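Single-structure report; data block below.
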Amino acid sequence: MRKFHLFFTLVSIAIAGVIHGSVVKAQSSFEIFNPSVNYLFGDYIAFEASIIATEPIQEVTISFRGENQTETRYTTATLDGEFLLNGVYELDQGGSIQAFTKVMFWFDVTFDNGSTRKSPIYNFNYDDNRFDWLTIEDPPFTVHSQHLDRDFAQAVLDTAHFGVSSVQDYIPIQAPLDVDIYVYANSADLQFAMQLTGQTWIAGHSNPELGVALVSLMPGPEQGYEMERQVPHEITHIMIYQAIGDGYTNIPLWFSEGIASIAELYPNPDYRQNLLNAAENDYLIPLVELCTAFPTDAAGAGLAYAEATSFTRYLHQEFGPAGLRNLVDNYATGPGCENGTQAVYESSLTQLERQWLAQIFEESSIMSAFKELLPWFSVFLISISAPLTLILIKWRQPPEEDY
Ligand SMILES: [Zn+2]
């Protein structure tokens, strides 16, 4: 059947060439059939297709590029028999194409007569197929777990559902449409999937346009807390994207990370201390420096998240859930990081930042005053502990029986 089809196509291309040829000079042309791709994530991509051409072919190259990427790679195809094209590209160190993105590919043909032609563009989903994922589903979520434990995958699914209502407690926003959650057993595997280098502190990631969330949950005592932190966090990014579409890219980073962080079911216990230390020692990062990027080192990133979370919590406390939603909607229209708050809260970002900092410094000074008093407080506690113990012993003694 396939051969039959190929034969007729070949004949029709040839006839088209003849008809054309009678009027103008014949154009070299070709057609691609059944393009297919086989790959191992981060290792190699093998392309295969059938080709039929009107002229003898000198060379075929297969080019490909990750969606939203600028770097195009290519490999020279070999012609196997009369029609079959094969090309394999070995990816070096993962090839810097992220998992769960779309990869576009096409064929460039050079004919013996020197002319060149390009095929249409095809694409495939480049998933992380290094592992046998355990997959369970309960719409809108599908969990793919590297841990082959159904109860564990179910717990992630439950946390995802619970996470949606946690997000909605802070901001009125619709539940997400389809979301795939990939659960890695460690952060190194996740970082390789995202082709992140040098940011070993990254534990979770999301690709909101594709509705894909990635979390890393290592076995151990922290696993439950990490699940409650990472799963709602990554889902929030997807929910915000699905609510406003492409305007998502206009949301300042401090704000999208801030909303995602306050929605975590188990807040990061280090953030508060990080923030107060930075306030006390005067190394807070101005919010305008957190509009489009966060520091890439672990300490800087930790402080950026702590500030984003605290400032967004402050906005929530001052303007409520509707206030947060209005700010998301306004930022989505693109007024810019510094001007976005003016139309919604009638205050500039700098003014709001000043008010928020006043609150932080107040807490920080209460804390440092407490710290200064702590030695005296300890002496006081020790001095009263002996008489207090005596009183307690006396108090806990059963009352004497009354004859
Ligand atoms: Zn985030």
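Each chain in the structure tokens gets a letter, A, B, ..., in the order shown, and its residues are numbered from 1; ligands are numbered from 1 in order too.
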Mind running chain A against ligand 1 at 9 Å and telling me each contacting residue's nearest atom pair with the distance in Å (one decimal), counting only C-alpha atoms and all ligand atoms, chain and number ascending, as JSON lines?
```
{"residue": "A:Gly204", "atom": "CA", "partner": "ligand 1", "partner_atom_place_in_ligand_line": "1 (Zn)", "distance": 7.5}
{"residue": "A:His205", "atom": "CA", "partner": "ligand 1", "partner_atom_place_in_ligand_line": "1 (Zn)", "distance": 6.6}
{"residue": "A:Ser206", "atom": "CA", "partner": "ligand 1", "partner_atom_place_in_ligand_line": "1 (Zn)", "distance": 7.4}
{"residue": "A:Gln230", "atom": "CA", "partner": "ligand 1", "partner_atom_place_in_ligand_line": "1 (Zn)", "distance": 8.6}
{"residue": "A:His233", "atom": "CA", "partner": "ligand 1", "partner_atom_place_in_ligand_line": "1 (Zn)", "distance": 6.1}
{"residue": "A:Glu234", "atom": "CA", "partner": "ligand 1", "partner_atom_place_in_ligand_line": "1 (Zn)", "distance": 6.0}
{"residue": "A:Thr236", "atom": "CA", "partner": "ligand 1", "partner_atom_place_in_ligand_line": "1 (Zn)", "distance": 8.2}
{"residue": "A:His237", "atom": "CA", "partner": "ligand 1", "partner_atom_place_in_ligand_line": "1 (Zn)", "distance": 6.6}
{"residue": "A:Leu253", "atom": "CA", "partner": "ligand 1", "partner_atom_place_in_ligand_line": "1 (Zn)", "distance": 8.7}
{"residue": "A:Ser256", "atom": "CA", "partner": "ligand 1", "partner_atom_place_in_ligand_line": "1 (Zn)", "distance": 7.0}
{"residue": "A:Glu257", "atom": "CA", "partner": "ligand 1", "partner_atom_place_in_ligand_line": "1 (Zn)", "distance": 4.7}
{"residue": "A:Gly258", "atom": "CA", "partner": "ligand 1", "partner_atom_place_in_ligand_line": "1 (Zn)", "distance": 8.0}
{"residue": "A:Ile259", "atom": "CA", "partner": "ligand 1", "partner_atom_place_in_ligand_line": "1 (Zn)", "distance": 8.7}
{"residue": "A:Ala260", "atom": "CA", "partner": "ligand 1", "partner_atom_place_in_ligand_line": "1 (Zn)", "distance": 5.9}
{"residue": "A:Ser261", "atom": "CA", "partner": "ligand 1", "partner_atom_place_in_ligand_line": "1 (Zn)", "distance": 7.1}
{"residue": "A:Tyr305", "atom": "CA", "partner": "ligand 1", "partner_atom_place_in_ligand_line": "1 (Zn)", "distance": 8.8}
```
Might you pull out every residue within 12 Å of A:Glu318, with only C-alpha atoms counted and same-chain residues fewer than 4 positions away left off, and present them as a VMD selection string?
chain A and resid 311 to 314 322 to 324 345 352 355 to 356
So that I can see what lies close to A:Phe111, please list as a list in words the residues with an atom at most 9 Å from it, counting only C-alpha atoms and leaving out residues fewer than 5 positions away in the same chain.
Ser28, Ser29, Glu55, Pro56, Ile57, Gln58, Glu59, Val60, Thr116 and Arg117 of chain A
File dump, residues just selected, C-alpha atoms, as an mmCIF file, in the first residue's frame:
```cif
data_model
loop_
_atom_site.group_PDB
_atom_site.id
_atom_site.type_symbol
_atom_site.label_atom_id
_atom_site.label_comp_id
_atom_site.auth_asym_id
_atom_site.auth_seq_id
_atom_site.Cartn_x
_atom_site.Cartn_y
_atom_site.Cartn_z
ATOM 1 C CA SER A 28 14.071 20.231 -8.763
ATOM 2 C CA SER A 29 11.698 19.084 -6.055
ATOM 3 C CA GLU A 55 16.495 14.920 -9.599
ATOM 4 C CA PRO A 56 19.500 12.980 -8.339
ATOM 5 C CA ILE A 57 20.333 14.062 -4.784
ATOM 6 C CA GLN A 58 23.803 15.124 -3.742
ATOM 7 C CA GLU A 59 23.205 15.641 0.001
ATOM 8 C CA VAL A 60 20.441 15.796 2.605
ATOM 9 C CA THR A 116 18.674 23.407 -2.911
ATOM 10 C CA ARG A 117 15.214 22.878 -1.445
#
```
Can you pull out every residue within 8 Å of A:Leu265, counting only C-alpha atoms, but drop anything in the same chain fewer than 4 positions away, and send it as a short mmCIF file (atom, residue, chain, number, x, y, z; two decimals) with N, CA and C atoms, in the first residue's frame?
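The resulting file, result07.cif, is reproduced below:
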```cif
data_model
loop_
_atom_site.label_atom_id
_atom_site.label_comp_id
_atom_site.auth_asym_id
_atom_site.auth_seq_id
_atom_site.Cartn_x
_atom_site.Cartn_y
_atom_site.Cartn_z
N GLY A 163 -3.33 21.57 46.79
CA GLY A 163 -2.57 22.77 46.44
C GLY A 163 -3.43 23.78 45.68
N SER A 166 -5.29 25.75 48.03
CA SER A 166 -4.39 26.65 48.76
C SER A 166 -4.10 27.90 47.93
N GLU A 228 4.89 19.09 49.97
CA GLU A 228 3.92 20.14 50.29
C GLU A 228 4.41 21.53 49.88
N ARG A 229 5.70 21.64 49.71
CA ARG A 229 6.26 22.92 49.27
C ARG A 229 6.28 22.99 47.74
N PRO A 232 2.50 22.47 45.27
CA PRO A 232 1.63 23.65 45.10
C PRO A 232 2.37 24.81 44.43
#
```
Expressed in Å, the length from atom CA of A:Gly302 to atom CA of A:Asp270 is 8.4 Å
Write out as a PyMOL selection string all residues of stretch 47-240 of chain A that DSSP puts in helix (DSSP H, G or I) for this structure's backbone.
chain A and resi 92-94+150-170+187-193+208-210+223-240
Save out the residues we just selected, N, CA and C atoms, as a compact mmCIF listing (two decimals), in the first residue's frame.
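And here's result.txt as it stands now:
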```
# COMPACT_ATOMS: atom_id res chain seq x y z
N ASP A 92 25.74 16.32 23.03
CA ASP A 92 26.87 16.42 23.94
C ASP A 92 26.40 17.04 25.25
N GLN A 93 26.63 16.39 26.36
CA GLN A 93 26.22 16.89 27.68
C GLN A 93 24.75 17.28 27.71
N GLY A 94 23.91 16.51 27.06
CA GLY A 94 22.48 16.80 27.08
C GLY A 94 22.02 17.67 25.93
N ARG A 150 3.03 3.27 44.17
CA ARG A 150 1.72 3.84 43.84
C ARG A 150 1.19 4.75 44.96
N ASP A 151 1.41 4.34 46.22
CA ASP A 151 0.92 5.15 47.34
C ASP A 151 1.59 6.52 47.34
N PHE A 152 2.88 6.52 47.01
CA PHE A 152 3.62 7.77 46.96
C PHE A 152 3.06 8.67 45.85
N ALA A 153 2.85 8.08 44.67
CA ALA A 153 2.31 8.86 43.54
C ALA A 153 0.92 9.40 43.89
N GLN A 154 0.15 8.60 44.62
CA GLN A 154 -1.19 9.04 45.04
C GLN A 154 -1.09 10.23 46.00
N ALA A 155 -0.08 10.19 46.88
CA ALA A 155 0.12 11.31 47.83
C ALA A 155 0.45 12.60 47.06
N VAL A 156 1.24 12.47 45.99
CA VAL A 156 1.57 13.66 45.17
C VAL A 156 0.29 14.19 44.52
N LEU A 157 -0.52 13.26 44.02
CA LEU A 157 -1.79 13.63 43.37
C LEU A 157 -2.70 14.37 44.36
N ASP A 158 -2.81 13.83 45.58
CA ASP A 158 -3.65 14.46 46.61
C ASP A 158 -3.12 15.86 46.96
N THR A 159 -1.79 15.96 47.06
CA THR A 159 -1.18 17.26 47.39
C THR A 159 -1.46 18.27 46.28
N ALA A 160 -1.47 17.79 45.04
CA ALA A 160 -1.74 18.68 43.91
C ALA A 160 -3.17 19.23 44.02
N HIS A 161 -4.12 18.34 44.30
CA HIS A 161 -5.52 18.78 44.42
C HIS A 161 -5.67 19.76 45.58
N PHE A 162 -5.02 19.45 46.70
CA PHE A 162 -5.09 20.30 47.88
C PHE A 162 -4.41 21.64 47.58
N GLY A 163 -3.33 21.57 46.79
CA GLY A 163 -2.57 22.77 46.44
C GLY A 163 -3.43 23.78 45.68
N VAL A 164 -4.34 23.28 44.84
CA VAL A 164 -5.19 24.19 44.05
C VAL A 164 -6.01 25.05 45.00
N SER A 165 -6.60 24.43 46.04
CA SER A 165 -7.42 25.24 46.95
C SER A 165 -6.54 26.17 47.79
N SER A 166 -5.29 25.75 48.03
CA SER A 166 -4.39 26.65 48.76
C SER A 166 -4.10 27.90 47.93
N VAL A 167 -3.87 27.71 46.64
CA VAL A 167 -3.62 28.86 45.75
C VAL A 167 -4.85 29.77 45.75
N GLN A 168 -6.03 29.12 45.64
CA GLN A 168 -7.27 29.91 45.54
C GLN A 168 -7.59 30.65 46.84
N ASP A 169 -7.00 30.22 47.98
CA ASP A 169 -7.17 30.96 49.23
C ASP A 169 -6.49 32.33 49.14
N TYR A 170 -5.43 32.40 48.35
CA TYR A 170 -4.66 33.64 48.27
C TYR A 170 -5.06 34.52 47.09
N SER A 187 17.40 15.99 42.83
CA SER A 187 17.41 17.26 42.09
C SER A 187 18.39 17.21 40.92
N ALA A 188 19.43 16.36 40.97
CA ALA A 188 20.40 16.29 39.86
C ALA A 188 19.71 15.80 38.58
N ASP A 189 18.85 14.80 38.70
CA ASP A 189 18.13 14.29 37.52
C ASP A 189 17.21 15.37 36.94
N LEU A 190 16.57 16.14 37.84
CA LEU A 190 15.68 17.22 37.38
C LEU A 190 16.50 18.32 36.70
N GLN A 191 17.65 18.65 37.30
CA GLN A 191 18.47 19.72 36.71
C GLN A 191 18.99 19.32 35.33
N PHE A 192 19.31 18.03 35.17
CA PHE A 192 19.75 17.57 33.84
C PHE A 192 18.59 17.65 32.84
N ALA A 193 17.39 17.28 33.31
CA ALA A 193 16.21 17.35 32.42
C ALA A 193 15.97 18.78 31.95
N PRO A 208 5.08 26.45 32.25
CA PRO A 208 3.65 26.75 32.30
C PRO A 208 2.95 26.64 30.95
N GLU A 209 3.65 27.00 29.86
CA GLU A 209 2.99 26.94 28.55
C GLU A 209 2.59 25.52 28.19
N LEU A 210 3.38 24.55 28.65
CA LEU A 210 3.09 23.16 28.32
C LEU A 210 2.27 22.47 29.41
N GLN A 223 10.94 14.43 52.79
CA GLN A 223 10.19 14.22 51.55
C GLN A 223 8.76 14.79 51.61
N GLY A 224 8.10 14.55 52.73
CA GLY A 224 6.71 15.03 52.87
C GLY A 224 6.63 16.54 52.83
N TYR A 225 7.54 17.21 53.54
CA TYR A 225 7.55 18.68 53.55
C TYR A 225 7.85 19.22 52.15
N GLU A 226 8.84 18.59 51.50
CA GLU A 226 9.22 19.05 50.16
C GLU A 226 8.04 18.90 49.19
N MET A 227 7.29 17.81 49.34
CA MET A 227 6.12 17.59 48.50
C MET A 227 5.11 18.74 48.70
N GLU A 228 4.89 19.09 49.97
CA GLU A 228 3.92 20.14 50.29
C GLU A 228 4.41 21.53 49.88
N ARG A 229 5.70 21.64 49.71
CA ARG A 229 6.26 22.92 49.27
C ARG A 229 6.28 22.99 47.74
N GLN A 230 6.92 22.01 47.12
CA GLN A 230 7.18 22.09 45.68
C GLN A 230 5.93 21.92 44.81
N VAL A 231 5.07 20.97 45.17
CA VAL A 231 3.93 20.67 44.28
C VAL A 231 2.99 21.89 44.14
N PRO A 232 2.50 22.47 45.27
CA PRO A 232 1.63 23.65 45.10
C PRO A 232 2.37 24.81 44.43
N HIS A 233 3.66 24.97 44.72
CA HIS A 233 4.44 26.06 44.13
C HIS A 233 4.43 25.99 42.59
N GLU A 234 4.78 24.83 42.07
CA GLU A 234 4.88 24.71 40.60
C GLU A 234 3.50 24.78 39.94
N ILE A 235 2.49 24.24 40.63
CA ILE A 235 1.12 24.30 40.07
C ILE A 235 0.65 25.76 39.98
N THR A 236 1.06 26.58 40.97
CA THR A 236 0.66 27.99 40.95
C THR A 236 1.14 28.68 39.68
N HIS A 237 2.40 28.41 39.29
CA HIS A 237 2.92 29.03 38.06
C HIS A 237 2.03 28.67 36.87
N ILE A 238 1.62 27.41 36.82
CA ILE A 238 0.80 26.95 35.68
C ILE A 238 -0.59 27.60 35.72
N MET A 239 -1.16 27.70 36.95
CA MET A 239 -2.48 28.31 37.08
C MET A 239 -2.45 29.78 36.65
N ILE A 240 -1.40 30.49 37.04
CA ILE A 240 -1.31 31.91 36.65
C ILE A 240 -1.18 32.02 35.13
```
I want to know what sits within 12 Å of stretch 338-340 of chain A, based on only C-alpha atoms, with residues of the same chain fewer than 4 positions away left out; could you give that as a VMD selection string?
chain A and resid 250 to 252 254 to 255 286 to 292 324 326 to 334 344 to 353
Residues near A:Ile121, anyone? I mean within 8 Å using only C-alpha atoms, not counting same-chain ones fewer than 2 positions away, as a ChimeraX atom specification.
/A:104-106,119,123
What is the distance, in Å and to one decimal place, between atom CA of A:Leu214 and atom CA of A:Tyr122?
26.3 Å
Using Å and a single decimal, report how far atom CA of A:Tyr182 sits from atom CA of A:Trp201.
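We find that atom CA of A:Trp201 and atom CA of A:Tyr182 lie 18.0 Å from each other.
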From a DSSP calculation on the backbone, collect every residue of stretch 6-220 of chain A in strand (DSSP E) and output the set as a ChimeraX atom specification.
/A:30-40,44-53,57-66,73-76,78-80,84-90,101-111,116-118,122-126,134-138,141-145,179-184,205-207,212-216
Got time to write the residues from that selection, C-alpha atoms, as a compact mmCIF listing (two decimals), in the first residue's frame?
```txt
# COMPACT_ATOMS: atom_id res chain seq x y z
CA PHE A 30 11.24 16.35 -3.49
CA GLU A 31 8.72 15.03 -1.04
CA ILE A 32 9.23 13.58 2.43
CA PHE A 33 7.10 10.69 3.67
CA ASN A 34 6.65 9.25 7.16
CA PRO A 35 9.19 11.37 9.01
CA SER A 36 9.81 9.79 12.41
CA VAL A 37 12.07 10.35 15.40
CA ASN A 38 13.56 8.03 17.97
CA TYR A 39 15.59 9.46 20.87
CA LEU A 40 17.04 8.94 24.29
CA TYR A 44 20.93 11.04 20.90
CA ILE A 45 18.16 11.85 18.42
CA ALA A 46 17.70 9.54 15.40
CA PHE A 47 15.66 10.73 12.42
CA GLU A 48 14.17 8.59 9.68
CA ALA A 49 12.07 9.40 6.60
CA SER A 50 11.36 8.34 3.03
CA ILE A 51 12.21 10.74 0.24
CA ILE A 52 11.25 10.93 -3.41
CA ALA A 53 12.95 13.48 -5.66
CA ILE A 57 20.33 14.06 -4.78
CA GLN A 58 23.80 15.12 -3.74
CA GLU A 59 23.21 15.64 0.00
CA VAL A 60 20.44 15.80 2.60
CA THR A 61 20.90 17.49 5.98
CA ILE A 62 18.48 17.16 8.85
CA SER A 63 18.27 20.27 11.02
CA PHE A 64 16.49 20.66 14.35
CA ARG A 65 15.93 23.25 17.04
CA GLY A 66 14.12 23.33 20.39
CA ARG A 73 21.89 21.83 14.98
CA TYR A 74 22.13 19.54 12.02
CA THR A 75 23.41 16.19 10.87
CA THR A 76 24.06 14.82 7.40
CA THR A 78 22.60 8.84 4.76
CA LEU A 79 20.47 7.49 1.94
CA ASP A 80 19.71 3.89 2.66
CA LEU A 84 15.18 5.78 3.02
CA LEU A 85 16.90 8.62 4.90
CA ASN A 86 18.65 8.14 8.23
CA GLY A 87 20.42 10.63 10.46
CA VAL A 88 21.62 10.41 14.04
CA TYR A 89 22.67 13.36 16.17
CA GLU A 90 24.70 12.67 19.32
CA THR A 101 9.59 20.94 24.99
CA LYS A 102 8.68 20.72 21.33
CA VAL A 103 11.54 20.15 18.88
CA MET A 104 11.15 21.33 15.29
CA PHE A 105 13.01 19.56 12.46
CA TRP A 106 13.26 19.74 8.70
CA PHE A 107 15.23 18.42 5.72
CA ASP A 108 17.45 20.45 3.38
CA VAL A 109 18.18 18.78 0.05
CA THR A 110 21.01 19.71 -2.31
CA PHE A 111 20.58 18.28 -5.81
CA THR A 116 18.67 23.41 -2.91
CA ARG A 117 15.21 22.88 -1.45
CA LYS A 118 13.80 22.81 2.08
CA TYR A 122 7.87 18.85 11.44
CA ASN A 123 7.97 18.55 15.21
CA PHE A 124 7.99 16.08 18.07
CA ASN A 125 7.61 16.24 21.85
CA TYR A 126 10.98 15.81 23.50
CA LEU A 134 4.88 5.23 37.12
CA THR A 135 1.88 7.16 35.83
CA ILE A 136 -1.43 7.73 37.62
CA GLU A 137 -4.13 10.18 36.75
CA ASP A 138 -6.93 12.10 38.42
CA PHE A 141 -3.47 16.07 37.12
CA THR A 142 -1.35 13.24 35.79
CA VAL A 143 1.53 12.24 38.03
CA HIS A 144 4.60 10.54 36.51
CA SER A 145 6.79 9.25 39.31
CA VAL A 179 -1.19 19.38 34.22
CA ASP A 180 1.55 16.74 34.06
CA ILE A 181 3.65 16.48 37.21
CA TYR A 182 6.99 14.69 36.85
CA VAL A 183 8.43 13.56 40.16
CA TYR A 184 12.19 13.05 40.13
CA HIS A 205 10.64 23.79 37.90
CA SER A 206 7.61 24.36 35.68
CA ASN A 207 6.97 24.90 32.03
CA VAL A 212 4.28 20.58 32.94
CA ALA A 213 5.52 20.73 36.54
CA LEU A 214 8.75 19.09 37.69
CA VAL A 215 9.54 18.38 41.32
CA SER A 216 12.34 16.46 43.02
```
